[in-house]
Amino acid sequence: MKIREINAMRGPNYWSVRRHKLIVMVLDLEEMEEKPSDKIEGFADRLKKMFPSMYSHRCSEGCEGGFFMRVDRGTWMGHIIEHIALETQTLAGMDTGFGRTRDYGEHGVYNVVFSYMEESVGRFAAKSAVKICEALIAGEDYDLADDIQTMRELRDEDRLGPSTGSIVAEAESRGIPWIRLNKYSLVQLGYGANQKRIQATVTSETSSIGVELACDKEDTKYLLEQAEIEVPKGDIIRRERSLKESCEYVGYPLVIKPVDGNHGRGITVDIQNYDDALEAFRHAKNSSKSGAIIVEKYIVGDDYRLLVINNQLIAGAVRTPAHVIGNGKSSIQELIDEVNKDPRRGYGHENVLTQITVNELTELIIKDAGYTLESVIPNGEKLILKDTANLSTGGTAEDITDIIHPANVSMAERISKIIDLDICGIDIATTDISKPLSETGGAVLEVNAGPGFRMHLAPTTGLPRNVAAPVIEKLFPQKGDTGSIPIVAISGTNGKTTTTRLIAHIAKMRGYRVGYTTSDGVYIQNRLLMTGDCTGPASSEFVLRDPTVNFAVLECARGGLLRAGLSFKKCDVAVVTNVEADHLGLKGIHTIDQLAKVKAVVPETVTADGYAILNADDDLVYDMRRSLECNVALFSMDENNPRIKALQRLNGITAIYENGFITICRGEWKMRLMQAKNIPITYGGKAKFMIKNVLGAILAAHVQGISNEDIKAALETFIPSSSQTPGRLNLFKFNDFSILLDYAHNPAGMRALKDFVDQLDATVKVGIIAGIGDRRLEDNNEMGSIAAEMFDEIIIRQDKRLRGKTEEEIIKMLDDGIKMKDPNKKTTIIPSEHEAITYAVKNAVKGSLIILCSDVIPDALALVEKFKEQESKGELVFNE
């Protein structure tokens, strides 16, 4: 078996609009296509032995054991690999269960689709599942445990930590979109100008002064002392020679820690003598950036953490370091192993508790207690194994929020304001948190910026607390605020880029700061920041990340949808221009109905109160309304289209071309904007396909609340040119001839261009065309046939990208198409686009029109503009 490719969906996609995290593996079964599971001796038994837990897979049978029934009867390896990939992820602690295996359209080739929680794990699971299946077929041993552990490690490397993850989950539950900005914990909540950011539990609204103070324990302690808050007696030193005097001043027992430490690094507690203090000093030095060390009184009592968010106490927990309790029989190692059997303990952050690991520090603590790992400690004796109570090192936490004394609550909330932190963790040592510190002799030990939430989200005992909710409520205080910006998405076969540009222009004229993506680049406030085909999810995300943008217009093409899905989960408006036969035979999409399903992903993401704007003249587009859960608006070139009339009777919104006017209708009431002939991009109303683009664009603007006056003004100022509409009906008039440059690159686009060109007067119409290597034979043939009808003369050139075929093959397909329509058509073959354009210009006759169908718009535009400049200088020479 051979894996052809593995793609990871990260948003709404062809396979599921609601399940965004999917691996799509294109798998060629090769000879295994002829060998389903029942034809391989012992395969089913080996599979059941390796994966007994797969009995729970119901599969299409709808009952437990259903999948095994399918295996016993005989099913193909792609289906089995799908289930293996799901089960191995579940065994690694990532319980996920959606899968599909579907024909790719080639013999023995399948799309194996399954859900994932972490992309790196999903990709690994795909490859691993194929290897496991091959081992089961061959009857060979396979180390499944090694793969499971690798998946756990990949998960912990890549996933958000518990604190960040909880905030993101809370945001998702409120409809707030998010983007991970790096591979760590920097996350954007919301889009564009309305975004907020978090990094773990530090937010974009966290005071930088507050963070600096919390990281400087000397300043923190000083400010708290000035505010009459109980803190331990202490001293700050920088040199080892000062340690003895400092210890005598503070008095044993001691705590020694770096001034600028955090997360328990470099801290040693309950120091009883100078030798231990010296070792602790050196340990703290290794963790200190500034070199300053705190020596302070060790406060007897339990370790409490109080969490304050937005100056309100939200939760409290008492923490206990990782420890074992002796039974007088078992060794320390055996006691640790027994503790780790607790099902609540897992690898890293996968469970409520973390397994206790024995490292160098643990061995040192055990040694200092006078034991080794083989020692048996007395019954009931508690042996601490770590120097901090952090859950990540195996500690435990008990929620005590409801018993905190009001005086301590008030103190914690004061501290958050004194240190100026919107989210802070306050560490307290006291014998009883239900009494004021002044009565117990307790003290505030530290104030932490970016405190961990795990102990509150999932305490070992006590009530879990949704501590992420107040964070979101602080960042987005207005009810229903999702931090999003208006998003208009455009899908379809032809006209997407012009529709995108026009909508962006209308929004810009309205005063929005617009970011938009097109097939020729990404623009932020009309500045081109990325070049090339930018119609995929990465380009959309680029716009949605930009903090200056407050209106996004996103062209969404087939390629990006199939490669990774959409970058956004919801949009406010979706426009579908049309669905025509293009790119068929690629990426497993072989029919126009399949292509329509790809395009339909975009309108299916529209919010419930948003609008899907559909072309009522296109059957496939109109049928998309059946799967939508949003409002639908329609546009048509025919005001008497029954579909338009039906929606108007329901008081719906439509846009029509009637009596030469561009008109918006609410119900049956018409609001004429202007005559089509007065809209520059329609070339006096001759370019009918441009009128269609206008209809979709004005509807998008209308449902977004932009006034008819603003829309009209934008239409009047949207001029067809190399700057506003590059490669879309760009007409260049020379003294004796004209050049029309257009992006028409499929039969439907060519037919639309033909309708326009037929209305133009010229002594000779010369077409420069090219075939496309990844299109079907019949598509390139048809392009040639249409060209034979359009042009008096044809120059066949070749695209820069051959896309899998030779130059000669592509040229022949076009030439064959031309000859099918007109065997005598004058045809010249010049593979280089530069040379083809130059030849056409140098040989242009008076009154001729050269129609250039180009795929690399910037290069073609640059050459044509160069010729214009040469003409203006009198340097353009023609053949006589």
# chains A, B, ... in the order shown; residues from 1 in each chain; ligands from 1

call {"tool": "residues_around", "arguments": {"residues": "Arg100 (chain A)", "least_positions_apart": "6", "cutoff": "12 Å", "atoms": "only C-alpha atoms", "output": "PyMOL selection string"}}
result
chain A and resi 15-16+22-25+59-60+78-83+85-86+110-115

call {"tool": "closest_atom_pairs", "arguments": {"of": "region 419-453 of chain A", "to": "region 199-209 of chain A", "cutoff": "12 Å", "atoms": "only C-alpha atoms", "output": "Markdown table"}}
result
| residue | atom | partner | partner_atom | distance |
| --- | --- | --- | --- | --- |
| A:Ile419 | CA | A:Ile209 | CA | 8.2 |
| A:Asp420 | CA | A:Ser207 | CA | 6.4 |
| A:Leu421 | CA | A:Ser207 | CA | 6.1 |
| A:Asp422 | CA | A:Thr206 | CA | 5.7 |
| A:Ile423 | CA | A:Thr201 | CA | 7.0 |
| A:Cys424 | CA | A:Thr201 | CA | 8.7 |
| A:Gly425 | CA | A:Thr201 | CA | 10.2 |
| A:Asn448 | CA | A:Thr201 | CA | 10.6 |
| A:Ala449 | CA | A:Val202 | CA | 7.0 |
| A:Gly450 | CA | A:Thr201 | CA | 4.5 |
| A:Pro451 | CA | A:Thr201 | CA | 6.4 |
| A:Gly452 | CA | A:Thr201 | CA | 7.2 |
| A:Phe453 | CA | A:Thr201 | CA | 8.1 |

call {"tool": "closest_residue", "arguments": {"among": "A:Tyr683, A:Tyr304, A:Phe281, A:Tyr142", "to": "Asp432 (chain A)", "atoms": "only C-alpha atoms"}}
result
A:Tyr304

call {"tool": "residues_around", "arguments": {"residues": "His57 (chain A)", "least_positions_apart": "3", "cutoff": "10 Å", "atoms": "only C-alpha atoms", "output": "MDAnalysis selection string"}}
result
chainID A and resid 53:54 60:68 83 86:87 97
